[in-house]
Each structure stands twice: as C-alpha cells, then as structure tokens.
>>> print(open('model_33.cif').read())   # mmCIF, C-alpha atoms and all ligand atoms
data_my_file
#
loop_
_atom_site.label_atom_id
_atom_site.label_comp_id
_atom_site.auth_asym_id
_atom_site.auth_seq_id
_atom_site.Cartn_x
_atom_site.Cartn_y
_atom_site.Cartn_z
CA MET M 1 -101.26 73.49 -52.34
CA ILE M 2 -101.81 71.07 -49.54
CA ASP M 3 -99.44 71.13 -46.61
CA LYS M 4 -98.32 67.55 -47.20
CA THR M 5 -96.26 67.02 -44.13
CA ALA M 6 -97.68 69.50 -41.72
CA SER M 7 -95.10 68.95 -39.05
CA ASN M 8 -92.13 67.92 -41.15
CA ALA M 9 -90.45 71.26 -40.71
CA GLY M 10 -87.42 71.16 -38.47
CA THR M 11 -85.93 68.02 -37.03
CA SER M 12 -87.78 64.80 -37.63
CA SER M 13 -89.53 63.32 -34.66
CA GLU M 14 -90.29 59.70 -33.79
CA MET M 15 -93.87 59.94 -35.13
CA GLU M 16 -92.60 61.45 -38.37
CA ARG M 17 -90.28 58.52 -38.82
CA GLN M 18 -93.08 56.06 -38.19
CA TRP M 19 -95.64 57.59 -40.55
CA HIS M 20 -95.36 58.63 -44.15
CA PHE M 21 -97.96 61.35 -43.80
CA LEU M 22 -98.47 62.85 -40.38
CA PRO M 23 -101.42 65.25 -40.29
CA SER M 24 -101.42 68.31 -38.14
CA VAL M 25 -101.20 67.03 -34.58
CA PRO M 26 -102.32 66.92 -31.80
CA ILE M 27 -105.56 65.43 -33.12
CA ARG M 28 -108.39 67.57 -31.83
CA SER M 29 -111.69 66.22 -30.54
CA SER M 30 -115.11 67.78 -30.90
CA PRO M 31 -115.24 71.28 -29.31
CA PHE M 32 -118.72 70.45 -27.97
CA PHE M 33 -117.06 68.58 -25.15
CA SER M 34 -114.24 70.97 -24.31
CA TRP M 35 -114.06 73.50 -21.53
CA PRO M 36 -113.93 76.52 -21.59
CA PRO M 37 -116.34 76.74 -24.55
CA GLU M 38 -114.81 77.50 -27.93
CA PRO M 39 -117.70 78.98 -29.96
CA ILE M 40 -115.68 79.68 -33.10
CA ARG M 41 -114.34 76.14 -33.27
CA MET M 42 -117.87 74.82 -32.67
CA VAL M 43 -119.23 76.75 -35.64
CA ARG M 44 -116.33 75.57 -37.78
CA TRP M 45 -116.70 71.95 -36.65
CA VAL M 46 -120.39 71.90 -37.65
CA ALA M 47 -119.85 73.87 -40.86
CA VAL M 48 -117.06 71.65 -42.13
CA ARG M 49 -119.03 68.50 -41.39
CA TRP M 50 -122.50 69.55 -42.48
CA PHE M 51 -122.45 72.54 -44.82
CA THR M 52 -119.75 71.66 -47.29
CA ILE M 53 -119.32 68.65 -49.53
CA ALA M 54 -118.49 66.40 -46.64
CA GLU M 55 -119.25 62.87 -45.59
CA ASN M 56 -122.34 63.83 -43.59
CA THR M 57 -123.93 65.89 -46.36
CA ILE M 58 -123.25 63.17 -48.92
CA LEU M 59 -124.71 60.57 -46.59
CA VAL M 60 -127.89 62.56 -45.85
CA SER M 61 -128.42 63.01 -49.60
CA LEU M 62 -127.85 59.31 -50.13
CA ALA M 63 -130.36 58.39 -47.40
CA VAL M 64 -132.98 60.68 -48.96
CA ALA M 65 -132.32 59.24 -52.44
CA CYS M 66 -132.64 55.67 -51.14
CA TRP M 67 -135.85 56.55 -49.32
CA LEU M 68 -137.32 58.09 -52.48
CA TRP M 69 -136.31 55.46 -55.00
CA VAL M 70 -135.16 52.18 -53.48
CA GLN M 71 -137.03 51.67 -50.26
CA PRO M 72 -139.86 49.17 -49.67
CA SER M 73 -143.13 50.73 -48.50
CA MET M 74 -144.20 50.52 -44.85
CA ASN M 75 -147.06 48.34 -46.03
CA GLU M 76 -144.66 45.79 -47.47
CA ALA M 77 -142.45 45.95 -44.39
CA ARG M 78 -145.34 44.90 -42.17
CA THR M 79 -144.56 41.25 -42.76
CA LEU M 80 -141.08 39.78 -42.80
CA GLN M 81 -140.87 38.51 -46.35
CA ILE M 82 -137.86 37.51 -48.37
CA GLY M 83 -138.75 39.82 -51.32
CA TRP M 84 -138.29 43.26 -49.78
CA ILE M 85 -135.49 42.12 -47.48
CA ALA M 86 -133.59 40.78 -50.52
CA GLU M 87 -134.13 44.16 -52.20
CA ILE M 88 -132.50 46.09 -49.34
CA TRP M 89 -129.71 43.50 -49.12
CA LEU M 90 -129.02 44.04 -52.82
CA ARG M 91 -129.14 47.82 -52.38
CA ASN M 92 -126.65 47.61 -49.51
CA MET M 93 -124.36 45.28 -51.46
CA VAL M 94 -124.31 47.74 -54.36
CA LEU M 95 -123.63 50.70 -52.03
CA MET M 96 -120.75 48.93 -50.33
CA ILE M 97 -119.22 47.65 -53.57
CA VAL M 98 -119.43 51.11 -55.14
CA VAL M 99 -117.96 52.95 -52.12
CA ALA M 100 -115.33 50.49 -50.85
CA GLY M 101 -114.58 49.10 -54.31
CA GLY M 102 -114.39 52.58 -55.84
CA LEU M 103 -112.05 53.87 -53.12
CA HIS M 104 -109.89 50.74 -53.37
CA LEU M 105 -109.54 51.14 -57.11
CA TYR M 106 -108.84 54.85 -56.84
CA PHE M 107 -106.24 54.71 -54.08
CA HIS M 108 -104.75 51.24 -54.21
CA VAL M 109 -105.07 49.93 -57.78
CA TRP M 110 -104.95 52.99 -60.00
CA ARG M 111 -102.93 54.80 -57.30
CA LYS M 112 -104.34 58.13 -58.37
CA GLN M 113 -102.77 59.91 -55.42
CA LYS M 114 -99.68 57.75 -55.23
CA GLN M 115 -98.39 58.30 -51.69
CA GLU M 116 -99.92 61.77 -51.25
CA LEU M 117 -101.65 62.05 -47.85
CA LYS M 118 -101.10 58.33 -47.22
CA PHE M 119 -100.44 57.61 -43.57
CA ASP M 120 -98.61 54.33 -43.88
CA PRO M 121 -96.00 54.05 -46.65
CA ARG M 122 -96.46 50.27 -46.99
CA GLU M 123 -98.78 48.63 -49.49
CA MET M 124 -101.48 46.28 -48.28
CA LEU M 125 -100.35 42.67 -47.97
CA SER M 126 -101.03 40.71 -51.13
CA LYS M 127 -100.11 37.33 -49.69
CA SER M 128 -100.17 36.41 -46.06
CA LYS M 129 -101.28 33.33 -44.18
CA ILE M 130 -103.00 35.36 -41.47
CA PHE M 131 -105.80 36.27 -43.89
CA THR M 132 -108.70 34.22 -45.24
CA PHE M 133 -107.78 33.14 -48.80
CA ASN M 134 -104.18 34.19 -47.90
CA SER M 135 -104.95 37.68 -49.20
CA GLN M 136 -105.71 40.85 -47.27
CA LEU M 137 -107.93 42.22 -50.02
CA TRP M 138 -110.05 39.10 -50.56
CA ASP M 139 -110.23 38.47 -46.83
CA ASN M 140 -111.56 42.00 -46.32
CA VAL M 141 -114.00 41.82 -49.26
CA PHE M 142 -115.37 38.50 -48.05
CA TRP M 143 -115.95 39.55 -44.42
CA THR M 144 -117.32 42.95 -45.43
CA LEU M 145 -119.93 41.49 -47.77
CA ALA M 146 -120.75 38.23 -46.00
CA SER M 147 -120.74 39.45 -42.41
CA GLY M 148 -120.91 43.26 -42.61
CA VAL M 149 -123.54 43.83 -45.29
CA THR M 150 -125.69 40.93 -44.10
CA CYS M 151 -125.81 42.22 -40.55
CA TRP M 152 -126.42 45.80 -41.71
CA THR M 153 -129.37 44.53 -43.78
CA ALA M 154 -130.73 42.44 -40.89
CA TYR M 155 -130.83 45.45 -38.57
CA GLU M 156 -132.47 47.62 -41.23
CA ALA M 157 -135.10 44.96 -41.88
CA LEU M 158 -135.74 44.64 -38.15
CA MET M 159 -136.20 48.40 -37.75
CA PHE M 160 -138.48 48.81 -40.79
CA TRP M 161 -140.57 45.83 -39.70
CA ALA M 162 -140.80 47.20 -36.12
CA MET M 163 -141.78 50.67 -37.35
CA ALA M 164 -144.38 49.28 -39.75
CA ASN M 165 -145.95 47.34 -36.90
CA GLY M 166 -145.94 50.16 -34.36
CA LEU M 167 -143.25 48.50 -32.23
CA ALA M 168 -140.75 51.33 -32.78
CA PRO M 169 -141.95 54.97 -32.57
CA MET M 170 -142.07 56.99 -35.78
CA LEU M 171 -141.46 60.64 -36.43
CA SER M 172 -142.66 62.66 -39.39
CA TRP M 173 -141.14 65.69 -41.07
CA GLN M 174 -144.53 67.46 -41.16
CA ASN M 175 -145.17 67.17 -37.42
CA ASN M 176 -141.65 67.46 -36.08
CA PRO M 177 -139.30 69.27 -38.49
CA VAL M 178 -137.04 70.53 -35.70
CA TRP M 179 -136.59 67.11 -34.09
CA PHE M 180 -136.15 65.64 -37.52
CA VAL M 181 -133.06 67.81 -38.07
CA ILE M 182 -131.75 67.53 -34.50
CA ILE M 183 -131.78 63.72 -34.68
CA LEU M 184 -129.76 63.84 -37.91
CA PHE M 185 -127.14 66.01 -36.18
CA LEU M 186 -127.03 63.82 -33.09
CA THR M 187 -126.70 60.54 -34.98
CA PRO M 188 -122.91 60.68 -35.58
CA MET M 189 -122.40 61.60 -31.92
CA TRP M 190 -124.52 58.70 -30.72
CA ILE M 191 -122.69 56.33 -33.07
CA SER M 192 -119.38 57.57 -31.68
CA PHE M 193 -120.53 57.21 -28.07
CA HIS M 194 -121.79 53.67 -28.69
CA PHE M 195 -118.70 52.71 -30.71
CA TYR M 196 -116.32 53.68 -27.92
CA TRP M 197 -117.99 51.36 -25.42
CA ILE M 198 -118.55 48.37 -27.65
CA HIS M 199 -115.03 48.73 -28.98
CA ARG M 200 -113.59 48.66 -25.46
CA ALA M 201 -115.67 45.56 -24.76
CA LEU M 202 -114.35 43.96 -27.96
CA HIS M 203 -110.81 44.41 -26.63
CA TRP M 204 -111.66 42.28 -23.59
CA PRO M 205 -109.40 39.26 -24.26
CA PRO M 206 -112.07 36.53 -24.72
CA LEU M 207 -114.11 38.74 -27.06
CA TYR M 208 -110.97 39.92 -28.81
CA ARG M 209 -109.88 36.37 -29.53
CA LEU M 210 -113.36 35.30 -30.61
CA ALA M 211 -114.29 38.26 -32.79
CA HIS M 212 -112.33 41.51 -32.92
CA SER M 213 -108.97 39.95 -33.81
CA LEU M 214 -110.38 39.39 -37.29
CA HIS M 215 -110.67 43.15 -37.87
CA HIS M 216 -107.23 43.67 -36.34
CA ARG M 217 -105.51 41.39 -38.82
CA ASN M 218 -105.29 44.68 -40.66
CA THR M 219 -102.47 46.74 -39.20
CA ASN M 220 -102.20 48.62 -42.49
CA VAL M 221 -105.75 49.28 -43.62
CA GLY M 222 -107.65 49.78 -46.87
CA PRO M 223 -111.29 50.72 -47.63
CA TRP M 224 -112.43 47.11 -47.50
CA SER M 225 -111.04 46.76 -43.97
CA GLY M 226 -113.69 49.10 -42.50
CA ILE M 227 -116.42 46.61 -41.74
CA SER M 228 -114.38 43.50 -42.36
CA MET M 229 -115.61 42.05 -39.09
CA HIS M 230 -116.58 38.79 -37.46
CA PRO M 231 -120.39 38.31 -37.28
CA VAL M 232 -120.31 38.74 -33.49
CA GLU M 233 -118.60 42.10 -33.94
CA THR M 234 -121.00 43.30 -36.64
CA ALA M 235 -123.92 42.30 -34.40
CA VAL M 236 -122.70 44.61 -31.63
CA PHE M 237 -121.29 47.26 -33.97
CA PHE M 238 -124.62 47.91 -35.72
CA SER M 239 -126.68 47.55 -32.52
CA SER M 240 -126.51 51.33 -31.99
CA ILE M 241 -129.62 51.51 -34.22
CA LEU M 242 -131.68 49.85 -31.49
CA ILE M 243 -131.88 53.26 -29.80
CA HIS M 244 -134.73 53.93 -32.22
CA PHE M 245 -136.89 51.51 -30.29
CA ILE M 246 -136.97 54.43 -27.83
CA VAL M 247 -136.14 57.56 -29.84
CA PRO M 248 -138.73 58.21 -32.58
CA ALA M 249 -137.32 58.17 -36.09
CA HIS M 250 -138.21 58.54 -39.74
CA THR M 251 -137.10 55.96 -42.32
CA ILE M 252 -134.51 58.52 -43.45
CA HIS M 253 -132.92 58.49 -39.98
CA ILE M 254 -132.62 54.71 -40.05
CA LEU M 255 -131.06 54.80 -43.52
CA PHE M 256 -128.67 57.62 -42.59
CA HIS M 257 -127.63 55.93 -39.35
CA MET M 258 -126.95 52.53 -40.91
CA GLN M 259 -125.30 53.87 -44.06
CA HIS M 260 -123.19 56.18 -41.92
CA GLN M 261 -121.86 53.27 -39.90
CA ALA M 262 -121.29 50.97 -42.84
CA LEU M 263 -119.96 53.40 -45.42
CA THR M 264 -117.80 55.58 -43.17
CA GLY M 265 -116.19 52.28 -42.19
CA ALA M 266 -114.89 52.22 -45.75
CA THR M 267 -114.00 55.91 -45.97
CA SER M 268 -112.26 56.02 -42.59
CA HIS M 269 -110.05 53.04 -43.44
CA THR M 270 -108.79 54.23 -46.83
CA GLY M 271 -105.37 54.82 -45.29
CA PHE M 272 -105.40 58.36 -46.71
CA GLU M 273 -106.17 61.68 -45.02
CA GLY M 274 -108.35 62.83 -47.90
CA LEU M 275 -109.22 62.90 -51.55
CA LEU M 276 -107.15 65.37 -53.51
CA VAL M 277 -108.59 67.26 -56.43
CA LYS M 278 -106.12 69.54 -58.13
CA ASP M 279 -103.78 69.33 -55.15
CA ARG M 280 -106.41 70.34 -52.62
CA ASN M 281 -107.90 68.08 -50.00
CA ARG M 282 -111.49 68.24 -51.27
CA LEU M 283 -113.01 65.48 -49.26
CA HIS M 284 -111.77 64.77 -45.81
CA LEU M 285 -111.70 61.00 -45.37
CA GLY M 286 -108.84 60.05 -43.23
CA ASN M 287 -109.05 59.11 -39.74
CA PHE M 288 -105.58 59.27 -38.29
CA HIS M 289 -107.23 58.77 -34.91
CA HIS M 290 -108.37 55.25 -35.90
CA GLN M 291 -105.25 54.55 -37.98
CA LEU M 292 -103.25 54.95 -34.76
CA HIS M 293 -105.52 52.38 -33.14
CA HIS M 294 -104.76 49.85 -35.88
CA ARG M 295 -101.02 50.36 -35.46
CA TYR M 296 -100.74 50.62 -31.66
CA PHE M 297 -103.90 48.80 -30.41
CA GLU M 298 -104.21 50.16 -26.86
CA CYS M 299 -105.29 53.66 -27.79
CA ASN M 300 -108.09 55.55 -29.55
CA TYR M 301 -111.03 53.20 -29.12
CA GLY M 302 -113.53 55.89 -30.08
CA ASN M 303 -113.38 58.72 -32.58
CA PRO M 304 -113.04 62.50 -32.35
CA GLU M 305 -116.83 63.08 -32.27
CA VAL M 306 -117.03 62.25 -28.56
CA PRO M 307 -113.77 62.44 -26.56
CA TRP M 308 -114.16 59.34 -24.39
CA ASP M 309 -110.55 58.43 -25.04
CA LYS M 310 -109.49 61.69 -23.44
CA VAL M 311 -111.68 61.07 -20.41
CA PHE M 312 -110.38 57.54 -19.86
CA GLY M 313 -106.73 58.14 -20.67
CA SER M 314 -106.57 56.15 -23.91
CA PHE M 315 -106.14 59.14 -26.21
CA HIS M 316 -103.11 59.12 -28.52
CA ASP M 317 -103.13 62.55 -30.13
CA GLY M 318 -100.44 61.73 -32.68
CA THR M 319 -97.66 63.71 -30.98
CA ASP M 320 -94.29 62.40 -29.79
CA GLU M 321 -95.26 63.15 -26.18
CA SER M 322 -98.33 61.00 -26.47
CA HIS M 323 -96.36 58.26 -28.16
CA ALA M 324 -93.73 58.24 -25.43
CA LYS M 325 -96.48 57.92 -22.83
CA PHE M 326 -97.97 54.86 -24.54
CA LYS M 327 -94.57 53.25 -25.01
CA GLU M 328 -93.84 53.75 -21.34
CA ARG M 329 -97.19 52.24 -20.37
CA ARG M 330 -96.63 49.21 -22.57
CA LYS M 331 -93.18 48.67 -21.01
CA ARG M 332 -94.74 48.80 -17.55
CA LEU M 333 -97.44 46.30 -18.54
CA ILE M 334 -94.94 43.88 -20.04
CA GLY M 335 -92.63 44.28 -17.05
CA ALA M 336 -95.46 43.72 -14.57
ZN ZN M 401 -109.85 47.51 -31.92
ZN ZN M 402 -110.74 49.67 -37.82
#
>>> encode(input="model_33.cif", output="structure tokens")
Amino acid sequence: MIDKTASNAGTSSEMERQWHFLPSVPIRSSPFFSWPPEPIRMVRWVAVRWFTIAENTILVSLAVACWLWVQPSMNEARTLQIGWIAEIWLRNMVLMIVVAGGLHLYFHVWRKQKQELKFDPREMLSKSKIFTFNSQLWDNVFWTLASGVTCWTAYEALMFWAMANGLAPMLSWQNNPVWFVIILFLTPMWISFHFYWIHRALHWPPLYRLAHSLHHRNTNVGPWSGISMHPVETAVFFSSILIHFIVPAHTIHILFHMQHQALTGATSHTGFEGLLVKDRNRLHLGNFHHQLHHRYFECNYGNPEVPWDKVFGSFHDGTDESHAKFKERRKRLIGA
C-alpha cells in the first residue's frame, strides 16, 4: 500500500495544509552532484530511471520504434520537402494527443485515481478569462499543438536535414556502441542543465511578459499544460537539441531527446505523483519540484537531474523550513 501522505504523521505543518498530497520531503536531487559521494544512491538513481518500467526506458523504446517504423529515410531528408516534414508533424501530433490526452482522460475526466497522489486538491479551471477560449483545457490543448508540436517538429526536421547533408555529425551503433549508450544516459542531464538556464532567462521580466507568462497561467497544472507555451518559449525550450551540431548523434538520439522534452512535459504536469496500479505507484510521473514552481514562481527553475537550484539558492525542497525561507525573501523583496 502506498504511503499516501508520507509526512502526515504527527502535527500538520504549513506545507501539509497547502498541498493535498505531499511526497516525502525534502526533495532530493541527483546524487551525481552531491558530495561526499553516495554510491548506493547513485546505483539506485540510475536503476530506478533506466532499468525498470520508467519514463526513460519507455521513451528509449518509443524512439527506437519510431526510427524503425515511422521515420523518413536520410535520403528523403536531404531536401526540405513538405511530404516528409508533414509525416513527422503528424507522428508528433499523434504522440502528443495519445500521451497528454490519455493522461488527461485518465486523471481528470475519468478520475481513475480520484485524489490519490494528487498534489493540488483543486480541479483545473473550466472557465476563466485568463485563458484562450476562456478554458484552461482548450487553452492548453491549443498552445501545445499549435506552438509546442509545431516547434518540436521544426527542430526535428532541421536536425534530420542537417544530418542528411553532413552539416551535423552522425554516430553509428556499429562504430561507437559505447558512446551511443553514454549519449542516451547524458541526454536527460543535458536537457535539465539547458532547461535551468533558459527557464531563468524566461523569468526575466520582459521575456516573462512576452512569452513565459502564457505557461504560468497554469498555477494548477494538467498534462496539457506541459508544453502549452508561447512560440518564443518553445523556440528556446527545444533549442537544447542544437548541441548535436557539435556532439555526434544517431537518429535515435534526436528522437529520444525531442520526445523526452515534449512528452515528459505532459507527464511531469499531470498534477499527480504517479500512476497507481493496484494501490502501488507503478509509474513515477509527478514532479513536485516543478509543481512548487507553478505555485510559488521564484523557486525550482530546473529539475532534480542537475541541482542548479541548490547552487544558486532557488531550491525549494518542499519542507516547511524551505517554505519559510521563501516567504521571508518575498516579504523582503516587496518591502524593498
Ligand atoms: Zn517558470
Ligand atoms: Zn511548467
């Protein structure tokens, strides 16, 4: 049986009052960046993320399946033509609708888990003037598909075209099996590193007003909120892929990288810690780290893969102590 309210024992704290489900806190970042080294936690961190049914393993399988069955050939990709680009756009639309739509139906329409492992007790807003079409859901669906999926497709097309024309270096499984695997493992870390910095930039007031405020309309998130972003934000968000103009990659790496960014946007914004099967958390989805960012704004710009928030003092670890620190800081800023 899942420990539903890990820290609900004893007297209730401020964070417990603010959240319906509070996971075990403090939130812990990747052990690969902690000192002294914690070898056991490192092994566990990798095992849980890569050798069980977890997001990364599902996403690698998905990238391989797409490469095998629904990927234009390098020959086709040599010229920028509407045919193959439309094919990958359609593929990406289907992937996003299946993942975000499926999770939305499961958690928010059919309410299969009711409130179990749900961070915020409130429902998403059905009617509100702050959203396009006056609806949080349709606002999120529109921006995800129109801006998010289009930009995702544009970057994929750019990379495949560049690789086909020798403008971006390629790597093959036969010649470099070790690098092939290492790059897969490093991809989520690179995405995390890049995300922290672009996300901080997006909170710079002019950029926030222009672009990022659209994503932050969602204080209480759902799967469609993940890449519900202004086109300027999607352009910088997906730009992490440009590293493969320097670092050699296989088509599978490009697919994994882009699908990881786009689809974990949906899974990390479900509003739930995980997917329960027979009362056990079978698939870890939740991202309390990012959920805190949506509620409190000035914390947790990155994610637990690379602890930049810890380094730069913006880490809210979900505890009352952390919360008091942020409240105090906000008071000082307002008072200043
Ligand atoms: Zn933000
Ligand atoms: Zn978000």
>>> residues_near_point(input="model_33.cif", point="(-117.3, 36.3, -37.2)", cutoff="10 Å", atoms="all atoms listed in the file", output="PDB file with C-alpha atoms, in the frame of the given file")
ATOM      1  CA  TRP M 143    -115.950  39.550 -44.420  1.00  0.00           C
ATOM      2  CA  ALA M 146    -120.750  38.230 -46.000  1.00  0.00           C
ATOM      3  CA  SER M 147    -120.740  39.450 -42.410  1.00  0.00           C
ATOM      4  CA  GLY M 148    -120.910  43.260 -42.610  1.00  0.00           C
ATOM      5  CA  LEU M 210    -113.360  35.300 -30.610  1.00  0.00           C
ATOM      6  CA  ALA M 211    -114.290  38.260 -32.790  1.00  0.00           C
ATOM      7  CA  HIS M 212    -112.330  41.510 -32.920  1.00  0.00           C
ATOM      8  CA  SER M 213    -108.970  39.950 -33.810  1.00  0.00           C
ATOM      9  CA  LEU M 214    -110.380  39.390 -37.290  1.00  0.00           C
ATOM     10  CA  HIS M 215    -110.670  43.150 -37.870  1.00  0.00           C
ATOM     11  CA  SER M 228    -114.380  43.500 -42.360  1.00  0.00           C
ATOM     12  CA  MET M 229    -115.610  42.050 -39.090  1.00  0.00           C
ATOM     13  CA  HIS M 230    -116.580  38.790 -37.460  1.00  0.00           C
ATOM     14  CA  PRO M 231    -120.390  38.310 -37.280  1.00  0.00           C
ATOM     15  CA  VAL M 232    -120.310  38.740 -33.490  1.00  0.00           C
ATOM     16  CA  GLU M 233    -118.600  42.100 -33.940  1.00  0.00           C
ATOM     17  CA  THR M 234    -121.000  43.300 -36.640  1.00  0.00           C
ATOM     18  CA  ALA M 235    -123.920  42.300 -34.400  1.00  0.00           C
TER      19      ALA M 235
END
>>> residues_near_ligand(input="model_33.cif", ligand="ligand ZN 402 (chain M)", cutoff="12 Å", atoms="all atoms listed in the file", output="number ranges by chain")
M: 140, 195, 199, 202, 212-229, 233, 237, 261-262, 264-271, 286-297, 300-303
>>> atom_distance(input="model_33.cif", atom1="atom CA of Pro188 of chain M", atom2="atom CA of Leu105 of chain M")
27.1 Å
>>> closest_atom_pairs(input="model_33.cif", of="segment 89-207 of chain M", to="segment 17-37 of chain M", cutoff="10 Å", atoms="all atoms listed in the file", output="tab-separated table")
residue	atom	partner	partner_atom	distance
M:Gln115	CA	M:His20	CA	8.1
M:Glu116	CA	M:Phe21	CA	7.7
M:Leu117	CA	M:Phe21	CA	5.5
M:Lys118	CA	M:Phe21	CA	5.5
M:Phe119	CA	M:Phe21	CA	4.5
M:Asp120	CA	M:His20	CA	5.4
M:Pro121	CA	M:His20	CA	5.3
M:Arg122	CA	M:His20	CA	8.9
M:Met189	CA	M:Ser30	CA	9.6
>>> write_last_selection(input="model_33.cif", atoms="C-alpha atoms", output="PDB file, keeping the file's coordinate frame")
ATOM      1  CA  GLN M 115     -98.390  58.300 -51.690  1.00  0.00           C
ATOM      2  CA  GLU M 116     -99.920  61.770 -51.250  1.00  0.00           C
ATOM      3  CA  LEU M 117    -101.650  62.050 -47.850  1.00  0.00           C
ATOM      4  CA  LYS M 118    -101.100  58.330 -47.220  1.00  0.00           C
ATOM      5  CA  PHE M 119    -100.440  57.610 -43.570  1.00  0.00           C
ATOM      6  CA  ASP M 120     -98.610  54.330 -43.880  1.00  0.00           C
ATOM      7  CA  PRO M 121     -96.000  54.050 -46.650  1.00  0.00           C
ATOM      8  CA  ARG M 122     -96.460  50.270 -46.990  1.00  0.00           C
ATOM      9  CA  MET M 189    -122.400  61.600 -31.920  1.00  0.00           C
TER      10      MET M 189
END
>>> closest_residue(input="model_33.cif", among="M:Val311, M:Ile243, M:Leu285, M:Ile198", to="ligand ZN 401 (chain M)", atoms="all atoms listed in the file")
M:Ile198
>>> closest_residue(input="model_33.cif", among="M:Tyr208, M:Phe256, M:Phe245, M:Phe272", to="ligand ZN 401 (chain M)", atoms="only C-alpha atoms and all ligand atoms")
M:Tyr208
>>> closest_residue(input="model_33.cif", among="M:Leu276, M:Leu242, M:Leu167, M:Trp110", to="His194 of chain M", atoms="all atoms listed in the file")
M:Leu242
>>> closest_residue(input="model_33.cif", among="M:Leu145, M:Ile40, M:Ile254, M:Ala77", to="Val64 of chain M", atoms="only C-alpha atoms")
M:Ile254
>>> axis_aligned_box(input="model_33.cif", around="segment 293-311 of chain M", padding_each_side="5 Å", output="AutoDock Vina command-line options")
--center_x -108.9 --center_y 55.9 --center_z -28.1 --size_x 26.3 --size_y 24.3 --size_z 25.5
>>> decode(input="model_33.cif", residues="segment 228-251 of chain M", atoms="N, CA and C atoms", output="CSV table (one decimal), in the first residue's frame")
chain,number,residue,atom,x,y,z
M,228,SER,N,2.4,23.7,-23.1
M,228,SER,CA,1.5,24.8,-23.5
M,228,SER,C,2.3,26.1,-23.4
M,229,MET,N,2.9,26.5,-24.4
M,229,MET,CA,3.9,27.6,-24.4
M,229,MET,C,3.8,28.5,-25.6
M,230,HIS,N,4.2,29.7,-25.3
M,230,HIS,CA,4.3,30.7,-26.4
M,230,HIS,C,5.3,30.3,-27.4
M,231,PRO,N,5.2,30.6,-28.7
M,231,PRO,CA,6.2,30.2,-29.7
M,231,PRO,C,7.6,30.6,-29.4
M,232,VAL,N,7.8,31.8,-28.7
M,232,VAL,CA,9.1,32.2,-28.4
M,232,VAL,C,9.7,31.3,-27.3
M,233,GLU,N,8.8,30.8,-26.4
M,233,GLU,CA,9.3,29.9,-25.4
M,233,GLU,C,9.6,28.5,-26.0
M,234,THR,N,8.8,28.0,-26.8
M,234,THR,CA,9.1,26.7,-27.4
M,234,THR,C,10.4,26.8,-28.2
M,235,ALA,N,10.6,27.9,-28.9
M,235,ALA,CA,11.8,28.0,-29.7
M,235,ALA,C,13.1,27.9,-28.8
M,236,VAL,N,13.1,28.5,-27.6
M,236,VAL,CA,14.2,28.4,-26.8
M,236,VAL,C,14.2,27.0,-26.0
M,237,PHE,N,13.0,26.6,-25.6
M,237,PHE,CA,12.9,25.3,-24.9
M,237,PHE,C,13.5,24.1,-25.6
M,238,PHE,N,13.1,24.0,-26.9
M,238,PHE,CA,13.6,22.9,-27.7
M,238,PHE,C,15.0,23.1,-28.3
M,239,SER,N,15.6,24.3,-28.1
M,239,SER,CA,16.9,24.6,-28.7
M,239,SER,C,18.0,23.7,-28.1
M,240,SER,N,17.8,23.0,-27.0
M,240,SER,CA,18.8,22.1,-26.5
M,240,SER,C,19.3,21.1,-27.5
M,241,ILE,N,18.5,20.8,-28.5
M,241,ILE,CA,18.8,19.8,-29.5
M,241,ILE,C,20.0,20.3,-30.4
M,242,LEU,N,20.2,21.6,-30.4
M,242,LEU,CA,21.2,22.1,-31.3
M,242,LEU,C,22.6,21.7,-30.8
M,243,ILE,N,22.7,21.1,-29.6
M,243,ILE,CA,24.0,20.6,-29.2
M,243,ILE,C,24.5,19.5,-30.2
M,244,HIS,N,23.6,18.9,-30.9
M,244,HIS,CA,24.0,17.8,-31.8
M,244,HIS,C,24.6,18.4,-33.1
M,245,PHE,N,24.7,19.7,-33.2
M,245,PHE,CA,25.5,20.2,-34.3
M,245,PHE,C,27.0,20.1,-33.9
M,246,ILE,N,27.3,19.8,-32.7
M,246,ILE,CA,28.7,19.6,-32.2
M,246,ILE,C,28.8,18.1,-31.8
M,247,VAL,N,27.9,17.6,-31.0
M,247,VAL,CA,28.1,16.2,-30.4
M,247,VAL,C,27.4,15.3,-31.4
M,248,PRO,N,28.2,14.3,-32.0
M,248,PRO,CA,27.7,13.4,-32.9
M,248,PRO,C,26.5,12.6,-32.4
M,249,ALA,N,25.5,12.3,-33.2
M,249,ALA,CA,24.3,11.6,-32.8
M,249,ALA,C,23.8,10.7,-33.9
M,250,HIS,N,23.0,9.7,-33.4
M,250,HIS,CA,22.2,8.9,-34.3
M,250,HIS,C,20.8,9.4,-34.3
M,251,THR,N,20.0,9.0,-35.4
M,251,THR,CA,18.6,9.5,-35.4
M,251,THR,C,17.9,9.2,-34.1
